[in-house]
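Student: So that you have it, the file is entry.pdb, and it contains PDB, C-alpha atoms and all ligand atoms:
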```
ATOM      1  CA  MET A   1      10.778  -7.638  23.950
ATOM      2  CA  LEU A   2       8.831  -6.372  26.960
ATOM      3  CA  VAL A   3      11.916  -4.597  28.282
ATOM      4  CA  ALA A   4      12.562  -2.990  24.900
ATOM      5  CA  GLY A   5       8.930  -1.882  24.689
ATOM      6  CA  LEU A   6       9.040  -0.472  28.209
ATOM      7  CA  ALA A   7      12.280   1.371  27.412
ATOM      8  CA  LEU A   8      10.585   2.963  24.388
ATOM      9  CA  VAL A   9       7.594   4.058  26.445
ATOM     10  CA  LEU A  10       9.833   5.486  29.164
ATOM     11  CA  ALA A  11      11.975   7.261  26.570
ATOM     12  CA  ALA A  12       8.823   9.098  25.505
ATOM     13  CA  CYS A  13       8.519  10.445  29.067
ATOM     14  CA  ALA A  14      12.089  11.773  29.180
ATOM     15  CA  SER A  15      12.197  15.314  30.518
ATOM     16  CA  GLU A  16      15.129  16.107  28.202
ATOM     17  CA  PRO A  17      13.716  18.057  25.225
ATOM     18  CA  LEU A  18      13.915  15.933  22.077
ATOM     19  CA  PRO A  19      15.398  17.795  19.091
ATOM     20  CA  GLN A  20      13.060  16.203  16.554
ATOM     21  CA  SER A  21       9.800  15.780  18.436
ATOM     22  CA  ALA A  22       6.704  16.972  16.610
ATOM     23  CA  LEU A  23       5.009  16.840  20.048
ATOM     24  CA  ASP A  24       7.255  19.663  21.267
ATOM     25  CA  PRO A  25       6.301  22.437  18.821
ATOM     26  CA  ALA A  26       8.569  25.496  18.705
ATOM     27  CA  GLY A  27       6.510  27.763  16.478
ATOM     28  CA  PRO A  28       2.925  28.731  15.581
ATOM     29  CA  VAL A  29       2.678  26.416  12.528
ATOM     30  CA  ALA A  30       3.817  23.336  14.447
ATOM     31  CA  ARG A  31       1.556  24.326  17.373
ATOM     32  CA  GLN A  32      -1.473  24.595  15.108
ATOM     33  CA  GLN A  33      -0.768  21.108  13.738
ATOM     34  CA  ASP A  34      -0.043  19.755  17.231
ATOM     35  CA  ARG A  35      -3.492  20.914  18.382
ATOM     36  CA  LEU A  36      -5.030  18.510  15.831
ATOM     37  CA  TRP A  37      -3.005  15.675  17.361
ATOM     38  CA  ASP A  38      -4.125  16.711  20.851
ATOM     39  CA  MET A  39      -7.731  16.560  19.664
ATOM     40  CA  VAL A  40      -7.557  13.270  17.738
ATOM     41  CA  VAL A  41      -5.547  11.179  20.211
ATOM     42  CA  PRO A  42      -8.124  11.144  23.074
ATOM     43  CA  ILE A  43     -10.940  10.309  20.612
ATOM     44  CA  ALA A  44      -8.903   7.518  19.013
ATOM     45  CA  ALA A  45      -7.846   6.227  22.446
ATOM     46  CA  ALA A  46     -11.470   6.132  23.669
ATOM     47  CA  VAL A  47     -12.598   4.252  20.540
ATOM     48  CA  PHE A  48      -9.681   1.824  20.931
ATOM     49  CA  VAL A  49     -10.448   1.086  24.578
ATOM     50  CA  LEU A  50     -14.201   0.660  23.948
ATOM     51  CA  VAL A  51     -13.807  -1.611  20.913
ATOM     52  CA  GLU A  52     -10.912  -3.721  22.220
ATOM     53  CA  GLY A  53     -12.471  -3.860  25.693
ATOM     54  CA  GLY A  54     -15.775  -5.007  24.160
ATOM     55  CA  ILE A  55     -13.996  -7.736  22.187
ATOM     56  CA  LEU A  56     -12.195  -9.022  25.302
ATOM     57  CA  LEU A  57     -15.373  -8.897  27.380
ATOM     58  CA  LEU A  58     -17.418 -10.845  24.815
ATOM     59  CA  LEU A  59     -14.610 -13.381  24.300
ATOM     60  CA  TRP A  60     -14.583 -14.070  28.019
ATOM     61  CA  ARG A  61     -18.339 -13.928  28.576
ATOM     62  CA  TYR A  62     -19.197 -16.346  25.749
ATOM     63  CA  ARG A  63     -16.134 -18.594  25.902
ATOM     64  CA  GLY A  64     -16.529 -22.351  25.231
ATOM     65  CA  ARG A  65     -17.824 -24.259  28.278
ATOM     66  CA  GLY A  66     -17.933 -27.883  27.136
ATOM     67  CA  ASP A  67     -21.711 -28.239  26.997
ATOM     68  CA  ASP A  68     -22.051 -25.846  24.061
ATOM     69  CA  ARG A  69     -25.143 -26.004  21.894
ATOM     70  CA  PRO A  70     -25.263 -23.983  18.659
ATOM     71  CA  PRO A  71     -26.138 -20.353  19.539
ATOM     72  CA  LYS A  72     -29.445 -18.792  18.599
ATOM     73  CA  GLN A  73     -29.208 -17.673  14.955
ATOM     74  CA  VAL A  74     -30.121 -13.999  14.388
ATOM     75  CA  ALA A  75     -29.881 -11.887  11.214
ATOM     76  CA  GLY A  76     -30.700  -8.246  10.505
ATOM     77  CA  ASN A  77     -31.307  -5.497  13.052
ATOM     78  CA  THR A  78     -32.227  -2.271  11.303
ATOM     79  CA  ARG A  79     -31.704  -0.004  14.294
ATOM     80  CA  LEU A  80     -28.208  -1.393  14.968
ATOM     81  CA  GLU A  81     -27.274  -1.232  11.292
ATOM     82  CA  ILE A  82     -28.116   2.477  11.196
ATOM     83  CA  VAL A  83     -26.507   3.417  14.518
ATOM     84  CA  TRP A  84     -23.322   1.435  13.882
ATOM     85  CA  PRO A  85     -22.028   3.420  10.838
ATOM     86  CA  VAL A  86     -23.469   6.728  12.046
ATOM     87  CA  ILE A  87     -21.244   6.853  15.167
ATOM     88  CA  PRO A  88     -17.909   6.605  13.273
ATOM     89  CA  ALA A  89     -19.252   8.927  10.562
ATOM     90  CA  LEU A  90     -19.983  11.585  13.191
ATOM     91  CA  LEU A  91     -16.583  11.054  14.848
ATOM     92  CA  LEU A  92     -14.730  11.289  11.534
ATOM     93  CA  THR A  93     -16.645  14.420  10.563
ATOM     94  CA  GLY A  94     -15.746  15.957  13.905
ATOM     95  CA  VAL A  95     -12.083  15.229  13.203
ATOM     96  CA  ALA A  96     -12.261  16.309   9.550
ATOM     97  CA  VAL A  97     -13.658  19.810  10.112
ATOM     98  CA  PRO A  98     -10.720  21.244  12.111
ATOM     99  CA  THR A  99      -8.237  19.207  10.029
ATOM    100  CA  VAL A 100      -9.457  20.602   6.708
ATOM    101  CA  ALA A 101      -9.661  24.113   8.220
ATOM    102  CA  THR A 102      -5.992  23.805   9.298
ATOM    103  CA  ILE A 103      -4.951  22.541   5.854
ATOM    104  CA  PHE A 104      -6.562  25.597   4.246
ATOM    105  CA  ALA A 105      -5.136  27.983   6.844
ATOM    106  CA  LEU A 106      -1.625  26.703   6.158
ATOM    107  CA  SER A 107      -1.798  26.684   2.361
ATOM    108  CA  GLY A 108      -0.925  29.524   0.022
ATOM    109  CA  ARG A 109       1.155  32.501   1.072
ATOM    110  CA  PRO A 110       1.199  33.267   4.787
ATOM    111  CA  ALA A 111      -0.250  36.620   5.848
ATOM    112  CA  GLY A 112       2.126  39.392   6.851
ATOM    113  CA  ASP A 113       5.560  39.749   5.348
ATOM    114  CA  PRO A 114       6.915  36.224   4.933
ATOM    115  CA  LEU A 115      10.496  35.363   4.094
ATOM    116  CA  GLU A 116      10.368  33.362   0.864
ATOM    117  CA  VAL A 117      12.751  30.474   0.341
ATOM    118  CA  LYS A 118      13.020  28.101  -2.579
ATOM    119  CA  VAL A 119      13.996  24.594  -1.490
ATOM    120  CA  VAL A 120      15.397  22.006  -3.880
ATOM    121  CA  GLY A 121      15.941  18.384  -2.847
ATOM    122  CA  LYS A 122      19.064  16.734  -4.265
ATOM    123  CA  GLN A 123      20.668  13.329  -3.777
ATOM    124  CA  TYR A 124      21.213  13.665  -0.802
ATOM    125  CA  TRP A 125      21.130  17.209   0.486
ATOM    126  CA  TRP A 126      18.931  20.300   0.488
ATOM    127  CA  GLU A 127      19.573  23.556  -1.347
ATOM    128  CA  PHE A 128      18.049  26.800  -0.058
ATOM    129  CA  GLU A 129      17.698  29.899  -2.206
ATOM    130  CA  TYR A 130      16.491  33.118  -0.587
ATOM    131  CA  LEU A 131      13.978  34.743  -2.960
ATOM    132  CA  GLY A 132      12.999  38.321  -3.661
ATOM    133  CA  PRO A 133      15.077  41.503  -3.362
ATOM    134  CA  GLU A 134      15.658  40.730   0.321
ATOM    135  CA  GLY A 135      17.259  37.348  -0.507
ATOM    136  CA  ARG A 136      19.846  38.878  -2.868
ATOM    137  CA  GLY A 137      20.326  35.528  -4.589
ATOM    138  CA  VAL A 138      21.876  33.915  -1.506
ATOM    139  CA  VAL A 139      22.111  30.125  -1.834
ATOM    140  CA  THR A 140      23.093  27.744   0.957
ATOM    141  CA  ALA A 141      23.196  23.977   1.409
ATOM    142  CA  ASN A 142      22.077  21.837   4.352
ATOM    143  CA  GLU A 143      21.330  24.854   6.562
ATOM    144  CA  LEU A 144      18.239  27.032   6.372
ATOM    145  CA  HIS A 145      18.617  30.300   8.274
ATOM    146  CA  ILE A 146      15.419  32.102   9.241
ATOM    147  CA  PRO A 147      14.399  35.078  11.381
ATOM    148  CA  THR A 148      12.346  34.373  14.520
ATOM    149  CA  GLU A 149       8.703  35.383  14.860
ATOM    150  CA  ARG A 150       8.241  35.836  11.142
ATOM    151  CA  PRO A 151       6.487  33.391   8.816
ATOM    152  CA  VAL A 152       8.663  31.604   6.284
ATOM    153  CA  PHE A 153       7.074  30.609   2.996
ATOM    154  CA  ILE A 154       8.798  27.497   1.656
ATOM    155  CA  ARG A 155       8.513  26.681  -2.037
ATOM    156  CA  LEU A 156       9.583  23.065  -2.582
ATOM    157  CA  ASP A 157      10.375  23.630  -6.240
ATOM    158  CA  GLY A 158      10.760  20.447  -8.282
ATOM    159  CA  THR A 159      10.336  22.134 -11.668
ATOM    160  CA  GLY A 160      14.048  22.610 -12.374
ATOM    161  CA  THR A 161      16.180  20.243 -14.430
ATOM    162  CA  ASP A 162      18.051  19.397 -11.205
ATOM    163  CA  ALA A 163      14.987  17.791  -9.589
ATOM    164  CA  ASP A 164      15.742  14.108  -9.097
ATOM    165  CA  VAL A 165      13.475  11.914  -6.976
ATOM    166  CA  ILE A 166      10.722  12.419  -4.387
ATOM    167  CA  HIS A 167      11.974  13.693  -1.031
ATOM    168  CA  SER A 168      10.058  14.987   1.970
ATOM    169  CA  PHE A 169      11.020  18.125   3.848
ATOM    170  CA  TRP A 170      10.523  17.792   7.589
ATOM    171  CA  VAL A 171      11.584  19.927  10.531
ATOM    172  CA  PRO A 172       9.432  18.313  13.243
ATOM    173  CA  ARG A 173       9.515  21.118  15.831
ATOM    174  CA  LEU A 174       8.644  23.821  13.270
ATOM    175  CA  ALA A 175       6.133  22.236  10.845
ATOM    176  CA  GLY A 176       4.696  18.999   9.529
ATOM    177  CA  LYS A 177       6.312  17.325   6.545
ATOM    178  CA  GLN A 178       5.708  18.244   2.929
ATOM    179  CA  ASP A 179       6.751  16.173  -0.083
ATOM    180  CA  TYR A 180       9.207  17.466  -2.647
ATOM    181  CA  ILE A 181       7.983  16.150  -6.011
ATOM    182  CA  PRO A 182       9.856  16.501  -9.332
ATOM    183  CA  GLY A 183       7.801  18.523 -11.818
ATOM    184  CA  HIS A 184       5.720  20.219  -9.100
ATOM    185  CA  VAL A 185       5.906  23.163  -6.723
ATOM    186  CA  ARG A 186       4.627  22.353  -3.230
ATOM    187  CA  THR A 187       4.449  25.020  -0.555
ATOM    188  CA  MET A 188       4.442  25.074   3.219
ATOM    189  CA  HIS A 189       4.732  27.469   6.160
ATOM    190  CA  LEU A 190       7.310  27.406   8.920
ATOM    191  CA  GLU A 191       7.998  29.704  11.847
ATOM    192  CA  ALA A 192      10.173  29.665  14.963
ATOM    193  CA  ASP A 193       9.419  31.513  18.222
ATOM    194  CA  GLU A 194      12.949  31.485  19.606
ATOM    195  CA  PRO A 195      16.482  31.604  18.192
ATOM    196  CA  GLY A 196      18.030  28.168  18.042
ATOM    197  CA  VAL A 197      18.979  25.218  15.886
ATOM    198  CA  TYR A 198      16.172  22.914  14.787
ATOM    199  CA  PRO A 199      17.266  19.678  13.118
ATOM    200  CA  GLY A 200      15.215  18.077  10.378
ATOM    201  CA  GLN A 201      15.533  15.342   7.818
ATOM    202  CA  CYS A 202      14.237  13.907   4.595
ATOM    203  CA  ALA A 203      11.152  11.850   5.421
ATOM    204  CA  GLU A 204      10.606  10.008   2.132
ATOM    205  CA  PHE A 205      12.819   7.120   1.077
ATOM    206  CA  CYS A 206      14.846   8.539  -1.804
ATOM    207  CA  GLY A 207      17.819   6.220  -2.229
ATOM    208  CA  LEU A 208      20.925   4.847  -0.576
ATOM    209  CA  SER A 209      21.651   7.874   1.591
ATOM    210  CA  HIS A 210      18.060   8.778   2.476
ATOM    211  CA  ALA A 211      18.989   8.452   6.150
ATOM    212  CA  ASN A 212      21.940  10.805   5.559
ATOM    213  CA  MET A 213      19.762  13.551   4.114
ATOM    214  CA  ARG A 214      19.412  15.815   7.088
ATOM    215  CA  LEU A 215      19.231  19.561   7.542
ATOM    216  CA  LEU A 216      19.433  22.244  10.179
ATOM    217  CA  VAL A 217      17.145  25.229  10.531
ATOM    218  CA  VAL A 218      18.992  28.028  12.299
ATOM    219  CA  ALA A 219      16.662  30.700  13.685
ATOM    220  CA  HIS A 220      18.114  34.143  14.470
ATOM    221  CA  GLU A 221      16.751  37.340  16.001
ATOM    222  CA  PRO A 222      15.582  39.479  13.033
ATOM    223  CA  ALA A 223      18.548  41.903  13.189
ATOM    224  CA  GLU A 224      21.002  39.013  13.453
ATOM    225  CA  PHE A 225      19.309  37.342  10.484
ATOM    226  CA  ARG A 226      19.694  40.486   8.346
ATOM    227  CA  ARG A 227      23.390  40.547   9.251
ATOM    228  CA  TRP A 228      23.764  36.876   8.320
ATOM    229  CA  LEU A 229      22.029  37.447   4.967
ATOM    230  CA  SER A 230      24.218  40.399   4.005
ATOM    231  CA  ASP A 231      27.343  38.432   4.980
ATOM    232  CA  GLN A 232      26.213  35.564   2.763
ATOM    233  CA  ALA A 233      25.534  37.913  -0.167
ATOM    234  CA  ARG A 234      29.225  38.937  -0.211
ATOM    235  CA  PRO A 235      31.903  36.875  -1.956
ATOM    236  CA  ALA A 236      33.981  34.713   0.371
ATOM    237  CA  ARG A 237      36.819  36.288   2.328
ATOM    238  CA  SER A 238      39.273  33.464   1.990
ATOM    239  CA  ASN A 239      42.761  33.081   3.322
ATOM    240  CA  GLN A 240      45.102  33.979   0.461
ATOM    241  CA  THR A 241      48.280  32.531   1.948
ATOM    242  CA  GLY A 242      49.945  29.225   2.811
ATOM    243  CA  LEU A 243      48.130  25.925   2.551
ATOM    244  CA  ALA A 244      44.755  27.610   1.929
ATOM    245  CA  ALA A 245      46.193  29.410  -1.122
ATOM    246  CA  GLN A 246      47.416  26.063  -2.430
ATOM    247  CA  GLY A 247      43.910  24.688  -1.847
ATOM    248  CA  ARG A 248      42.501  27.496  -3.969
ATOM    249  CA  GLU A 249      44.703  26.249  -6.828
ATOM    250  CA  VAL A 250      43.598  22.634  -6.256
ATOM    251  CA  VAL A 251      39.973  23.760  -6.608
ATOM    252  CA  THR A 252      40.813  24.762 -10.197
ATOM    253  CA  THR A 253      43.082  21.861 -11.142
ATOM    254  CA  ALA A 254      40.865  19.149  -9.631
ATOM    255  CA  GLY A 255      37.793  20.557 -11.384
ATOM    256  CA  CYS A 256      35.697  21.350  -8.269
ATOM    257  CA  LEU A 257      34.216  24.408  -9.983
ATOM    258  CA  GLY A 258      32.584  22.173 -12.600
ATOM    259  CA  CYS A 259      29.944  21.430  -9.954
ATOM    260  CA  HIS A 260      30.379  23.966  -7.137
ATOM    261  CA  THR A 261      30.018  27.730  -6.874
ATOM    262  CA  ILE A 262      32.625  29.571  -4.827
ATOM    263  CA  ALA A 263      31.883  33.283  -5.283
ATOM    264  CA  GLY A 264      35.168  35.141  -4.993
ATOM    265  CA  HIS A 265      37.294  32.329  -6.426
ATOM    266  CA  PRO A 266      39.089  33.618  -9.552
ATOM    267  CA  ASP A 267      37.840  30.713 -11.695
ATOM    268  CA  ASN A 268      34.301  30.538 -10.289
ATOM    269  CA  ALA A 269      31.774  29.676 -13.018
ATOM    270  CA  ASP A 270      28.566  29.849 -10.916
ATOM    271  CA  VAL A 271      27.691  26.191 -11.498
ATOM    272  CA  ARG A 272      25.074  24.807  -9.098
ATOM    273  CA  VAL A 273      25.249  21.040  -9.475
ATOM    274  CA  GLY A 274      26.731  20.519  -6.013
ATOM    275  CA  PRO A 275      26.350  22.700  -2.914
ATOM    276  CA  ASP A 276      27.377  26.365  -3.059
ATOM    277  CA  LEU A 277      30.637  26.467  -1.089
ATOM    278  CA  THR A 278      31.084  30.252  -0.990
ATOM    279  CA  HIS A 279      30.695  30.546   2.779
ATOM    280  CA  PHE A 280      31.446  26.941   3.626
ATOM    281  CA  ALA A 281      33.220  27.769   6.896
ATOM    282  CA  SER A 282      30.233  29.782   8.137
ATOM    283  CA  ARG A 283      28.081  26.645   8.134
ATOM    284  CA  GLN A 284      28.003  23.929  10.792
ATOM    285  CA  ARG A 285      27.499  20.821   8.675
ATOM    286  CA  PHE A 286      28.099  19.454   5.200
ATOM    287  CA  ALA A 287      27.148  16.459   3.009
ATOM    288  CA  GLY A 288      23.487  16.363   4.007
ATOM    289  CA  ALA A 289      24.303  17.853   7.405
ATOM    290  CA  ILE A 290      25.899  14.636   8.614
ATOM    291  CA  PHE A 291      29.499  15.883   9.058
ATOM    292  CA  ASP A 292      30.937  18.823  10.986
ATOM    293  CA  ASN A 293      32.470  21.559   8.811
ATOM    294  CA  ASP A 294      35.067  22.403  11.439
ATOM    295  CA  ASP A 295      36.358  18.830  11.727
ATOM    296  CA  PRO A 296      39.356  18.467   9.364
ATOM    297  CA  ALA A 297      39.295  14.653   9.724
ATOM    298  CA  GLN A 298      35.676  14.383   8.540
ATOM    299  CA  LEU A 299      36.350  16.782   5.667
ATOM    300  CA  ALA A 300      39.443  14.825   4.635
ATOM    301  CA  ALA A 301      37.565  11.499   4.755
ATOM    302  CA  TRP A 302      34.844  12.978   2.569
ATOM    303  CA  LEU A 303      37.301  14.363   0.000
ATOM    304  CA  ARG A 304      39.266  11.086  -0.060
ATOM    305  CA  ASP A 305      36.256   8.911  -0.924
ATOM    306  CA  PRO A 306      32.773  10.467  -0.709
ATOM    307  CA  GLN A 307      30.874   7.216  -1.389
ATOM    308  CA  ALA A 308      32.697   5.466   1.437
ATOM    309  CA  VAL A 309      31.261   7.854   4.024
ATOM    310  CA  LYS A 310      27.954   8.680   2.293
ATOM    311  CA  PRO A 311      26.759   5.859   0.013
ATOM    312  CA  GLY A 312      25.213   6.989  -3.261
ATOM    313  CA  ALA A 313      26.544  10.549  -2.979
ATOM    314  CA  GLN A 314      26.853  12.269  -6.381
ATOM    315  CA  MET A 315      30.244  13.748  -5.481
ATOM    316  CA  PRO A 316      32.820  11.744  -7.469
ATOM    317  CA  ASN A 317      36.026  10.372  -6.007
ATOM    318  CA  LEU A 318      38.583  12.705  -7.559
ATOM    319  CA  GLN A 319      41.540  10.512  -6.512
ATOM    320  CA  LEU A 320      43.085  13.463  -4.683
ATOM    321  CA  SER A 321      46.517  13.087  -3.129
ATOM    322  CA  ALA A 322      46.975  13.455   0.621
ATOM    323  CA  HIS A 323      48.590  16.846   0.083
ATOM    324  CA  GLN A 324      45.768  18.056  -2.200
ATOM    325  CA  ILE A 325      43.234  17.005   0.429
ATOM    326  CA  GLU A 326      45.130  18.801   3.194
ATOM    327  CA  ALA A 327      45.263  21.969   1.074
ATOM    328  CA  LEU A 328      41.547  21.752   0.170
ATOM    329  CA  VAL A 329      40.589  21.317   3.822
ATOM    330  CA  ALA A 330      42.587  24.430   4.714
ATOM    331  CA  TYR A 331      40.988  26.386   1.891
ATOM    332  CA  LEU A 332      37.402  25.261   2.651
ATOM    333  CA  GLN A 333      37.848  26.063   6.334
ATOM    334  CA  SER A 334      38.991  29.563   5.364
ATOM    335  CA  LEU A 335      35.810  30.321   3.357
ATOM    336  CA  GLU A 336      34.142  32.573   5.921
TER     337      GLU A 336
HETATM  338 CU1  LIG A 401      15.682  12.567   0.325
HETATM  339 CU2  LIG A 401      14.959  10.705   1.583
END
```
Starting from the coordinates I provided, produce the structure as structure tokens.

Tutor:
Amino acid sequence: MLVAGLALVLAACASEPLPQSALDPAGPVARQQDRLWDMVVPIAAAVFVLVEGGILLLLWRYRGRGDDRPPKQVAGNTRLEIVWPVIPALLLTGVAVPTVATIFALSGRPAGDPLEVKVVGKQYWWEFEYLGPEGRGVVTANELHIPTERPVFIRLDGTGTDADVIHSFWVPRLAGKQDYIPGHVRTMHLEADEPGVYPGQCAEFCGLSHANMRLLVVAHEPAEFRRWLSDQARPARSNQTGLAAQGREVVTTAGCLGCHTIAGHPDNADVRVGPDLTHFASRQRFAGAIFDNDDPAQLAAWLRDPQAVKPGAQMPNLQLSAHQIEALVAYLQSLE
């Protein structure tokens, strides 16, 4: 127990940067929220030490000594009864003022020229739709791509018919969490200083695969981001020969397009029940960002029996043959 506790404490001192530490902010929004933590922790620590220290001191000072007589009975001390609640009231007010100011500063649309993204929580993955003329209707799953040094305005939109249960969107190094609530639109800001990959995850228990509902935020230099967006706006350039071409046929015969969009596929029907697969091979992860897109074994395991590798997943087991799976893997990995 002690060893485990000590290990935890020491882990917190690791010099290795932690990918999901809210205490290691990587953007102005997370920094602003981290400043509140930096302010509250010393106050809370001082109160803890004073109160707990006082309890220990009094326990020791007035411990039983064998010859105990009943203590002197006292009741009512007006001065103490006024001072006692006033101290915490002042402390809490001191904490509340900057907290409420930060809440207001980070609500509504960010100033400047934010990138606007609609986020929808599904069981168990995230869908990102880039809004406005700039977004050109681009939709991705599991991976949110953003430009650096530019505010991102996230609309957690639960008003669609595809909203299921409450989730919570959290990318610890970029911003605090915000709930995704069916029937409501919640908003939040997010911004990254440097290009990089920032992992996040669902932070509200939402069902069997809550722990498998992760995401990646990929931050690019602005020019690189524009290039990424225009690539995504194009239909997929898929391999038209060999096994991949057979996979393209399987997509039709197995009924994949009843749930998935693959822009550029001859039978594409633009259905958005499952993730948009148009540029599947350009992404790093799939199925709630828990599996690697470029690993044929993980893809094959998923296609063979989705529930076996991600409990509660909505993707049905299509009873695909080994050859169909092999062809689908080749096709998906060709969707650049
Ligand atoms: Cu979605 Cu937990």

Student: Expand the PyMOL selection byres (((chain A and resi 313) around 10) and not hetatm) into the individual residues it matches in the shown file, reporting them as a ChimeraX atom specification.

Tutor: /A:122-125,207-209,212,287-288,306-312,314-317

Student: Write the selection just made, keeping C-alpha atoms, as an mmCIF file, in the frame of the given file?

Tutor:
```cif
data_model
loop_
_atom_site.group_PDB
_atom_site.id
_atom_site.type_symbol
_atom_site.label_atom_id
_atom_site.label_comp_id
_atom_site.auth_asym_id
_atom_site.auth_seq_id
_atom_site.Cartn_x
_atom_site.Cartn_y
_atom_site.Cartn_z
ATOM 1 C CA LYS A 122 19.064 16.734 -4.265
ATOM 2 C CA GLN A 123 20.668 13.329 -3.777
ATOM 3 C CA TYR A 124 21.213 13.665 -0.802
ATOM 4 C CA TRP A 125 21.130 17.209 0.486
ATOM 5 C CA GLY A 207 17.819 6.220 -2.229
ATOM 6 C CA LEU A 208 20.925 4.847 -0.576
ATOM 7 C CA SER A 209 21.651 7.874 1.591
ATOM 8 C CA ASN A 212 21.940 10.805 5.559
ATOM 9 C CA ALA A 287 27.148 16.459 3.009
ATOM 10 C CA GLY A 288 23.487 16.363 4.007
ATOM 11 C CA PRO A 306 32.773 10.467 -0.709
ATOM 12 C CA GLN A 307 30.874 7.216 -1.389
ATOM 13 C CA ALA A 308 32.697 5.466 1.437
ATOM 14 C CA VAL A 309 31.261 7.854 4.024
ATOM 15 C CA LYS A 310 27.954 8.680 2.293
ATOM 16 C CA PRO A 311 26.759 5.859 0.013
ATOM 17 C CA GLY A 312 25.213 6.989 -3.261
ATOM 18 C CA GLN A 314 26.853 12.269 -6.381
ATOM 19 C CA MET A 315 30.244 13.748 -5.481
ATOM 20 C CA PRO A 316 32.820 11.744 -7.469
ATOM 21 C CA ASN A 317 36.026 10.372 -6.007
#
```

Student: I'd like to know which of A:Arg272, A:Asp113, A:Glu326, A:Ala175 is closest to Ala22 of chain A, using all atoms listed in the file.

Tutor: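 Once distances to Ala22 of chain A are computed over all atoms listed in the file, the minimum belongs to A:Ala175.
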
Student: Enter the distance from atom CA of Ile43 of chain A to atom CA of Val95 of chain A, in Å, rounded to one decimal.

Tutor: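 Atom CA of Val95 of chain A lies at a distance of 9.0 Å from atom CA of Ile43 of chain A.
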
Student: Which residues, protein or nucleic acid, reach to within 10 Å of (27.9, 26.1, 6.8) in the file's coordinates when using all atoms listed in the file, and can you give that as a list in words?

Tutor: Thr140, Ala141, Asn142, Glu143, Leu144, Leu216, Asp276, Leu277, Thr278, His279, Phe280, Ala281, Ser282, Arg283, Gln284, Arg285, Phe286, Ala289, Asp292, Asn293, Asp294, Gln333, Leu335 and Glu336 of chain A

Student: Taking the file as I've supplied it (selection: the PyMOL selection byres (((not hetatm)) within 7 of (chain A and resi 401))), which residues are included? Please answer as a ChimeraX atom specification.

Tutor: /A:121,123-124,166-168,202-207,210-211,213

Student: Once you have the residues from the selection above, write them out as a short mmCIF file (atom, residue, chain, number, x, y, z; two decimals), in the coordinates of the input, restricted to C-alpha atoms.

Tutor:
```cif
data_model
loop_
_atom_site.label_atom_id
_atom_site.label_comp_id
_atom_site.auth_asym_id
_atom_site.auth_seq_id
_atom_site.Cartn_x
_atom_site.Cartn_y
_atom_site.Cartn_z
CA GLY A 121 15.94 18.38 -2.85
CA GLN A 123 20.67 13.33 -3.78
CA TYR A 124 21.21 13.66 -0.80
CA ILE A 166 10.72 12.42 -4.39
CA HIS A 167 11.97 13.69 -1.03
CA SER A 168 10.06 14.99 1.97
CA CYS A 202 14.24 13.91 4.60
CA ALA A 203 11.15 11.85 5.42
CA GLU A 204 10.61 10.01 2.13
CA PHE A 205 12.82 7.12 1.08
CA CYS A 206 14.85 8.54 -1.80
CA GLY A 207 17.82 6.22 -2.23
CA HIS A 210 18.06 8.78 2.48
CA ALA A 211 18.99 8.45 6.15
CA MET A 213 19.76 13.55 4.11
#
```

Student: Could you tell me which residues the PyMOL selection byres (((chain A and resi 179-192) around 9) and not hetatm) grabs in this file, written as a compact mmCIF listing (two decimals) with C-alpha atoms, in the frame of the given file?

Tutor:
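That gives us result13.txt:
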```txt
# COMPACT_ATOMS: atom_id res chain seq x y z
CA ALA A 26 8.57 25.50 18.70
CA GLY A 27 6.51 27.76 16.48
CA PRO A 28 2.92 28.73 15.58
CA VAL A 29 2.68 26.42 12.53
CA ALA A 30 3.82 23.34 14.45
CA LEU A 106 -1.62 26.70 6.16
CA SER A 107 -1.80 26.68 2.36
CA GLY A 108 -0.92 29.52 0.02
CA ARG A 109 1.16 32.50 1.07
CA PRO A 110 1.20 33.27 4.79
CA VAL A 119 14.00 24.59 -1.49
CA VAL A 120 15.40 22.01 -3.88
CA GLY A 121 15.94 18.38 -2.85
CA ILE A 146 15.42 32.10 9.24
CA PRO A 147 14.40 35.08 11.38
CA THR A 148 12.35 34.37 14.52
CA GLU A 149 8.70 35.38 14.86
CA ARG A 150 8.24 35.84 11.14
CA PRO A 151 6.49 33.39 8.82
CA VAL A 152 8.66 31.60 6.28
CA PHE A 153 7.07 30.61 3.00
CA ILE A 154 8.80 27.50 1.66
CA ARG A 155 8.51 26.68 -2.04
CA LEU A 156 9.58 23.06 -2.58
CA ASP A 157 10.38 23.63 -6.24
CA GLY A 158 10.76 20.45 -8.28
CA THR A 159 10.34 22.13 -11.67
CA GLY A 160 14.05 22.61 -12.37
CA THR A 161 16.18 20.24 -14.43
CA ASP A 162 18.05 19.40 -11.20
CA ALA A 163 14.99 17.79 -9.59
CA ASP A 164 15.74 14.11 -9.10
CA VAL A 165 13.48 11.91 -6.98
CA ILE A 166 10.72 12.42 -4.39
CA HIS A 167 11.97 13.69 -1.03
CA SER A 168 10.06 14.99 1.97
CA PHE A 169 11.02 18.12 3.85
CA TRP A 170 10.52 17.79 7.59
CA VAL A 171 11.58 19.93 10.53
CA ARG A 173 9.52 21.12 15.83
CA LEU A 174 8.64 23.82 13.27
CA ALA A 175 6.13 22.24 10.84
CA GLY A 176 4.70 19.00 9.53
CA LYS A 177 6.31 17.32 6.54
CA GLN A 178 5.71 18.24 2.93
CA ASP A 193 9.42 31.51 18.22
CA GLU A 194 12.95 31.48 19.61
CA PRO A 195 16.48 31.60 18.19
CA GLY A 196 18.03 28.17 18.04
CA ALA A 203 11.15 11.85 5.42
CA GLU A 204 10.61 10.01 2.13
CA ALA A 219 16.66 30.70 13.68
```

Student: Measuring atom to atom with all atoms listed in the file, identify which of A:Gln33, A:Gly137, A:Arg69, A:Pro85 is nearest to Val100 of chain A.

Tutor: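 The closest residue to Val100 of chain A is A:Gln33.
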